[in-house]
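K.L.:
Here it is, the structure, as structure tokens.
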Amino acid sequence: MPLLKLHTRYSILRAALLRSSSPCQQFPRCNLATFAQALRAGLHFCTFALCLLAASAAPARQPNIVLILLDDMGYRDTGFVGNKYISTPNIDKIAKSGAVFSQCYASAPNCAPTRACLLTGQYTPRHGVYTVVDDRYAPGQPHMKVMSTKGNDELPAGTKTVADVLKSGGYSTALIGMWNIGRGRNGSPGSPTGRGFDVYKRPDDVNFEKDAYMDGKGRYLSDALCDEALSWIDKNKAKPFFLYYAEHSVHEPFDPKPALVAKYKAKTPTGLDKGITPEYAATVEAVDTSIGRIMAKLEADGLTKDTLVIFTSDNGGLPYVVNPLRGSKGLLYEGGIRVPGAVSWPGVIPAGKTFDEPVASMDFMPTILEAAGLPLPKGQPTDGVSLMKQLKTGAALNRNAIYWHFPCYIGKGEPMSLLRAGDYKLIQKFAGPTFELYNVKKDPSEEHDLAKAEPAKVEELKKLLLAWQKDTGAFLADKKNEAYDPNAKEQRGGGKGGQGGGKKKK
Ligand SMILES: [Ca+2]
């Protein structure tokens, strides 16, 4: 439209010039026809050049951003990653219409720190949100060999999130679902509305009890949250928007829709899908349906080509859904941090590509800001890298290494630090203390510790890891816990929840 308007204005001006100017008044001895021809050619050129200038200067509409984050979904619980038991046609459609990251990682092995990394683009030592709030795992418990840290409950004052930057850049912003980086509400620094979100809707806003999938009236949580998302899109679609759709699915305990459970009870999972329960599969399919409704809404409103959609999970899955990976959420082995990852933006990101370089949650913040044409927060370190160039052109990231740092106990999890460089992973266990080395390309199940066989590689990577810990000011869980009792068992059921302890979400 601006181009058309500009062209129209120049057509009027040109016509006026040609009508009012008498070239021979200025150049009485020239050939009138030749001069008029030259003038017309010149004006055509100017019009063309100005149109080009306008085209390059006028920003296209900034893309909408839809960031879909699932809770506790394992790396291969969707069709596009190879699951044959669970039906996820809508998530698969996002992957098919865009690009897939075959080695997508959560930046932490549980909920809160990954969300903090995702929204700030930073490693855990930068913001200090190392784990979920859980009193049973407060540092110094008798079952803990080393002194861990509880870290920060919320982001440090002044740390900008992707929502802060997008909001300052003119976006409408909303979080529908789970926050979990602080307990505040109503604009406090521990609340989404204090961190750049205009709107925050959580389950109790749609009349669901804490951790309940059903509301007692036959309504399912994912359907209710999706209704909120669709309604918010409808109200905000006139200008660029950022929807952070952070589902409570697919965490335990499940309370799935009976018809879906019946469907999966009639099927038998085979191969790597063995062990997946009908209840889990039904929970995944229900959230896939909600994601499909959001995608259909974008399509119906003509926004598909104006929208960058990112799909991923906050940590690895439950032990029975991460075959053949080692570990599960809470651990820095592959099962604890490998997640599904897909991105689509039709017309901008070519469809059907799979990228094999490792990427992590923290990369999505700079990716989103580059897509929106907005700068990274000034004076704030950003550890993630934008994936836009790779997504658009296939260019390699060529990153030397990615790091994780989890100096905490929770469930089976213990203080660990990790570096991934090339195909190698070096894991530091503070309670060991040991270093373990794996080649995850040759040994995705991390069954063969190469530390003894390849000491030079351990030394090379150890230097990088320790330097990174120092550089980021990481809390080191390297002090003995004087209260340690090898016979002590972890406290159960008395805290505010946590892994293995009931209904707390992570
Ligand atoms: Ca989680």
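Chain labels A, B, ... are given in the sequence in which chains occur in the structure tokens; within each chain residues are numbered consecutively from 1, and ligands are likewise numbered from 1 in the order shown.
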Could you list, as a short mmCIF file (atom, residue, chain, number, x, y, z; two decimals) with C-alpha atoms, in the first residue's frame, all the residues within 9 Å of ligand 1, counting only C-alpha atoms and all ligand atoms?
P.N.:
```
data_model
loop_
_atom_site.label_atom_id
_atom_site.label_comp_id
_atom_site.auth_asym_id
_atom_site.auth_seq_id
_atom_site.Cartn_x
_atom_site.Cartn_y
_atom_site.Cartn_z
CA LEU A 70 5.58 -27.94 26.49
CA ASP A 71 6.32 -29.15 29.98
CA ASP A 72 8.32 -32.37 30.32
CA MET A 73 7.90 -33.59 26.74
CA PRO A 109 17.27 -30.32 33.08
CA ASN A 110 14.20 -28.90 34.79
CA CYS A 111 11.52 -26.29 34.48
CA ALA A 112 12.42 -22.91 36.00
CA THR A 114 15.16 -23.55 31.21
CA HIS A 248 1.09 -27.37 31.46
CA VAL A 250 2.59 -33.07 29.42
CA HIS A 251 3.61 -33.31 33.06
CA SER A 313 9.94 -28.47 25.55
CA ASP A 314 11.38 -27.30 28.89
CA ASN A 315 13.33 -30.44 29.79
CA GLY A 316 13.71 -34.07 28.84
CA GLY A 317 10.96 -36.56 29.38
CA LYS A 329 14.58 -34.89 33.64
CA LYS A 505 5.44 -29.01 38.22
CA LYS A 506 8.93 -28.70 36.91
#
```
K.L.:
Mind running range 56-154 of chain A against range 393-415 of chain A at 10 Å and telling me each contacting residue's nearest atom pair with the distance in Å (one decimal), counting only C-alpha atoms, chain and number ascending, as a Markdown table?
P.N.:
```
| residue | atom | partner | partner_atom | distance |
| --- | --- | --- | --- | --- |
| A:Tyr105 | CA | A:Ile402 | CA | 9.9 |
| A:Ala106 | CA | A:Trp404 | CA | 9.4 |
| A:Ser107 | CA | A:Trp404 | CA | 6.5 |
| A:Ala108 | CA | A:Trp404 | CA | 6.5 |
| A:Pro109 | CA | A:Phe406 | CA | 7.9 |
| A:Asn110 | CA | A:Ile410 | CA | 9.4 |
| A:Pro113 | CA | A:Phe406 | CA | 9.0 |
| A:Tyr123 | CA | A:Trp404 | CA | 7.1 |
| A:Thr124 | CA | A:His405 | CA | 6.4 |
| A:Pro125 | CA | A:His405 | CA | 7.1 |
| A:Val129 | CA | A:Phe406 | CA | 9.6 |
| A:Tyr130 | CA | A:Phe406 | CA | 5.9 |
| A:Thr131 | CA | A:Cys408 | CA | 6.9 |
| A:Val132 | CA | A:Ile410 | CA | 8.8 |
| A:Asp134 | CA | A:Ile410 | CA | 8.3 |
| A:Arg136 | CA | A:Ile410 | CA | 8.4 |
| A:Tyr137 | CA | A:Ile410 | CA | 6.0 |
| A:Ala138 | CA | A:Tyr409 | CA | 8.3 |
| A:Pro139 | CA | A:Cys408 | CA | 8.0 |
| A:Gln141 | CA | A:Tyr409 | CA | 9.7 |
| A:His143 | CA | A:Tyr409 | CA | 9.7 |
| A:Met144 | CA | A:Tyr409 | CA | 7.5 |
| A:Lys145 | CA | A:Glu414 | CA | 9.4 |
| A:Val146 | CA | A:Pro415 | CA | 8.2 |
| A:Met147 | CA | A:Cys408 | CA | 8.5 |
| A:Ser148 | CA | A:Cys408 | CA | 5.0 |
| A:Thr149 | CA | A:Cys408 | CA | 5.8 |
| A:Lys150 | CA | A:Cys408 | CA | 6.8 |
| A:Gly151 | CA | A:Cys408 | CA | 8.5 |
```
K.L.:
Could you check which of A:Leu260, A:Pro203, A:Ala360, A:Phe430 is closest to Gly121 in chain A, using only C-alpha atoms?
P.N.:
A:Ala360
K.L.:
Please compute the CA of Leu418 in chain A-CA of Leu331 in chain A distance, one decimal, in Å.
P.N.:
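Answer for the CA of Leu418 in chain A to CA of Leu331 in chain A separation: 10.4 Å.
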K.L.:
Taking only C-alpha atoms into account, which of A:Ala282, A:Gly128, A:Pro256, A:Pro192 comes nearest Phe475 in chain A?
P.N.:
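The answer is A:Gly128, which sits nearest to Phe475 in chain A.
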K.L.:
I need the helix (DSSP H, G or I) residues of range 239-389 of chain A per DSSP on the backbone, written as a PyMOL selection string.
P.N.:
chain A and resi 258-265+271-273+278-300+304-306+319-321+334-337+361-372+388-389
K.L.:
Take the residues that were just selected and, keeping C-alpha atoms, output them as a PDB file, in the first residue's frame.
P.N.:
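Output (part_32.pdb):
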```pdb
ATOM      1  CA  PRO A 258     -11.292 -40.902  28.336  1.00  0.00           C
ATOM      2  CA  ALA A 259     -11.898 -41.224  24.582  1.00  0.00           C
ATOM      3  CA  LEU A 260      -8.213 -40.628  23.867  1.00  0.00           C
ATOM      4  CA  VAL A 261      -7.105 -43.137  26.487  1.00  0.00           C
ATOM      5  CA  ALA A 262      -9.428 -45.706  24.908  1.00  0.00           C
ATOM      6  CA  LYS A 263      -7.883 -44.988  21.508  1.00  0.00           C
ATOM      7  CA  TYR A 264      -4.363 -45.651  22.802  1.00  0.00           C
ATOM      8  CA  LYS A 265      -5.358 -48.682  24.838  1.00  0.00           C
ATOM      9  CA  GLY A 271      10.235 -50.457  19.083  1.00  0.00           C
ATOM     10  CA  LEU A 272      11.503 -47.325  20.821  1.00  0.00           C
ATOM     11  CA  ASP A 273       7.891 -46.418  21.658  1.00  0.00           C
ATOM     12  CA  PRO A 278      -1.958 -44.755  26.890  1.00  0.00           C
ATOM     13  CA  GLU A 279      -2.434 -41.989  29.471  1.00  0.00           C
ATOM     14  CA  TYR A 280       0.753 -40.239  28.414  1.00  0.00           C
ATOM     15  CA  ALA A 281      -0.048 -40.624  24.707  1.00  0.00           C
ATOM     16  CA  ALA A 282      -3.554 -39.243  25.260  1.00  0.00           C
ATOM     17  CA  THR A 283      -2.096 -36.216  27.070  1.00  0.00           C
ATOM     18  CA  VAL A 284       0.267 -35.527  24.171  1.00  0.00           C
ATOM     19  CA  GLU A 285      -2.468 -35.854  21.559  1.00  0.00           C
ATOM     20  CA  ALA A 286      -4.724 -33.442  23.467  1.00  0.00           C
ATOM     21  CA  VAL A 287      -2.069 -30.749  23.479  1.00  0.00           C
ATOM     22  CA  ASP A 288      -1.329 -31.416  19.812  1.00  0.00           C
ATOM     23  CA  THR A 289      -4.984 -30.649  19.119  1.00  0.00           C
ATOM     24  CA  SER A 290      -4.681 -27.317  20.947  1.00  0.00           C
ATOM     25  CA  ILE A 291      -1.586 -26.425  18.961  1.00  0.00           C
ATOM     26  CA  GLY A 292      -3.528 -27.290  15.804  1.00  0.00           C
ATOM     27  CA  ARG A 293      -6.268 -24.866  16.823  1.00  0.00           C
ATOM     28  CA  ILE A 294      -3.723 -22.063  17.224  1.00  0.00           C
ATOM     29  CA  MET A 295      -2.230 -22.821  13.812  1.00  0.00           C
ATOM     30  CA  ALA A 296      -5.716 -22.922  12.254  1.00  0.00           C
ATOM     31  CA  LYS A 297      -6.487 -19.533  13.805  1.00  0.00           C
ATOM     32  CA  LEU A 298      -3.353 -18.029  12.229  1.00  0.00           C
ATOM     33  CA  GLU A 299      -4.352 -19.534   8.886  1.00  0.00           C
ATOM     34  CA  ALA A 300      -7.940 -18.295   9.124  1.00  0.00           C
ATOM     35  CA  THR A 304       0.553 -17.790   8.629  1.00  0.00           C
ATOM     36  CA  LYS A 305       3.182 -16.057   6.507  1.00  0.00           C
ATOM     37  CA  ASP A 306       3.553 -13.276   9.071  1.00  0.00           C
ATOM     38  CA  PRO A 319      12.202 -42.286  32.010  1.00  0.00           C
ATOM     39  CA  TYR A 320       9.795 -44.369  29.919  1.00  0.00           C
ATOM     40  CA  VAL A 321       9.555 -41.944  27.012  1.00  0.00           C
ATOM     41  CA  GLU A 334      20.788 -36.819  27.092  1.00  0.00           C
ATOM     42  CA  GLY A 335      17.442 -38.054  28.410  1.00  0.00           C
ATOM     43  CA  GLY A 336      17.268 -35.093  30.783  1.00  0.00           C
ATOM     44  CA  ILE A 337      17.944 -32.340  28.289  1.00  0.00           C
ATOM     45  CA  SER A 361      16.618 -22.991  24.555  1.00  0.00           C
ATOM     46  CA  MET A 362      18.746 -19.873  25.059  1.00  0.00           C
ATOM     47  CA  ASP A 363      19.144 -19.551  21.265  1.00  0.00           C
ATOM     48  CA  PHE A 364      15.471 -18.767  20.707  1.00  0.00           C
ATOM     49  CA  MET A 365      15.622 -15.336  22.385  1.00  0.00           C
ATOM     50  CA  PRO A 366      18.205 -13.884  19.951  1.00  0.00           C
ATOM     51  CA  THR A 367      16.466 -15.728  17.106  1.00  0.00           C
ATOM     52  CA  ILE A 368      13.152 -14.065  17.914  1.00  0.00           C
ATOM     53  CA  LEU A 369      14.713 -10.615  18.263  1.00  0.00           C
ATOM     54  CA  GLU A 370      16.522 -10.913  14.945  1.00  0.00           C
ATOM     55  CA  ALA A 371      13.281 -11.988  13.279  1.00  0.00           C
ATOM     56  CA  ALA A 372      11.553  -8.951  14.807  1.00  0.00           C
ATOM     57  CA  MET A 388      17.847 -17.009  11.719  1.00  0.00           C
ATOM     58  CA  LYS A 389      20.752 -17.137   9.257  1.00  0.00           C
TER      59      LYS A 389
END
```
K.L.:
Would you compute the distance between CA of Ser188 in chain A and CA of Leu155 in chain A? Give it in Å to one decimal.
P.N.:
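Those two atoms sit 11.3 Å apart.
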K.L.:
Do you know which residues are at most 10 Å from Lys392 in chain A counting only C-alpha atoms, after dropping those on the same chain fewer than 3 positions away, and could you put them as an NGL selection string?
P.N.:
:A and (99 or 345 or 347-351 or 353 or 387-389 or 395)
K.L.:
Any idea what's packed within 6 Å of range 355-358 of chain A, counting only C-alpha atoms, ignoring anything in its chain fewer than 2 positions away? Could you give it as a ChimeraX atom specification?
P.N.:
/A:101-104
K.L.:
Report as an MDAnalysis selection string: the residues of range 208-286 of chain A with a DSSP assignment of strand (DSSP E or B), based on the backbone of this structure.
P.N.:
chainID A and resid 214 220 241:246
K.L.:
Go ahead and dump the residues you just picked, C-alpha atoms, as a PDB file, in the first residue's frame.
P.N.:
```
ATOM      1  CA  MET A 214      -9.957 -31.415  34.464  1.00  0.00           C
ATOM      2  CA  TYR A 220      -9.851 -30.006  29.882  1.00  0.00           C
ATOM      3  CA  PHE A 241       2.142  -9.908  18.720  1.00  0.00           C
ATOM      4  CA  PHE A 242       4.180 -12.271  20.865  1.00  0.00           C
ATOM      5  CA  LEU A 243       2.255 -15.218  22.245  1.00  0.00           C
ATOM      6  CA  TYR A 244       4.216 -17.358  24.703  1.00  0.00           C
ATOM      7  CA  TYR A 245       2.041 -20.427  24.910  1.00  0.00           C
ATOM      8  CA  ALA A 246       3.550 -22.387  27.785  1.00  0.00           C
TER       9      ALA A 246
END
```
K.L.:
If I take CA of Phe80 in chain A and CA of Asn180 in chain A, how far is one from the other in Å, to one decimal?
P.N.:
28.2 Å
K.L.:
Could you pull the residues within 12 Å of Leu464 in chain A, counting only C-alpha atoms, minus those fewer than 2 positions along the same chain, as a PyMOL selection string?
P.N.:
chain A and resi 400-403+417-421+425-426+457-462+466-471
K.L.:
Calculated over only C-alpha atoms, which of the candidates A:Ala477, A:Met416, A:Leu391, A:Ile310 has the smallest distance to Gly330 in chain A?
P.N.:
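Using only C-alpha atoms, the shortest distance to Gly330 in chain A belongs to A:Met416.
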K.L.:
Do you know which residues are at most 7 Å from Arg76 in chain A counting only C-alpha atoms, after dropping those on the same chain fewer than 4 positions away, and could you put them as an mmCIF file with C-alpha atoms, in the first residue's frame?
P.N.:
```cif
data_model
loop_
_atom_site.group_PDB
_atom_site.id
_atom_site.type_symbol
_atom_site.label_atom_id
_atom_site.label_comp_id
_atom_site.auth_asym_id
_atom_site.auth_seq_id
_atom_site.Cartn_x
_atom_site.Cartn_y
_atom_site.Cartn_z
ATOM 1 C CA VAL A 81 11.007 -37.180 15.590
ATOM 2 C CA GLY A 82 9.939 -40.734 14.849
ATOM 3 C CA ASN A 83 7.238 -41.655 17.327
ATOM 4 C CA VAL A 322 13.217 -41.207 26.296
ATOM 5 C CA PRO A 340 11.975 -31.759 20.298
#
```
K.L.:
Name the residues in contact with Tyr424 in chain A at a cut-off of 7 Å, using only C-alpha atoms, excluding same-chain residues fewer than 5 positions from it; report them as a list of chain:residue names.
P.N.:
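Non-adjacent residues within range: A:Leu437, A:Tyr438, A:Asn439, A:Val440.
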K.L.:
Those residues with C-alpha atoms, as a PDB file, in the first residue's frame please?
P.N.:
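What ended up in again_6.pdb:
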```
ATOM      1  CA  LEU A 437      33.403 -38.164  28.601  1.00  0.00           C
ATOM      2  CA  TYR A 438      30.992 -39.399  25.967  1.00  0.00           C
ATOM      3  CA  ASN A 439      30.821 -39.327  22.200  1.00  0.00           C
ATOM      4  CA  VAL A 440      27.099 -38.823  21.766  1.00  0.00           C
TER       5      VAL A 440
END
```
K.L.:
Looking at only C-alpha atoms, which of A:Leu166, A:Asp234, A:Asp211, A:Lys239 is the one that sits closest to Glu252 in chain A?
P.N.:
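Closest residue, counting only C-alpha atoms: A:Asp211.
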K.L.:
Pick from A:Val199, A:Asp255, A:Ala60, A:Gly422: nearest to Gly218 in chain A, with only C-alpha atoms counted?
P.N.:
A:Asp255
K.L.:
Using only C-alpha atoms, which residue out of A:Leu308, A:Ala238, A:Ala431, A:Ala212 lies closest to Ala224 in chain A?
P.N.:
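The answer is A:Ala212, which sits nearest to Ala224 in chain A.
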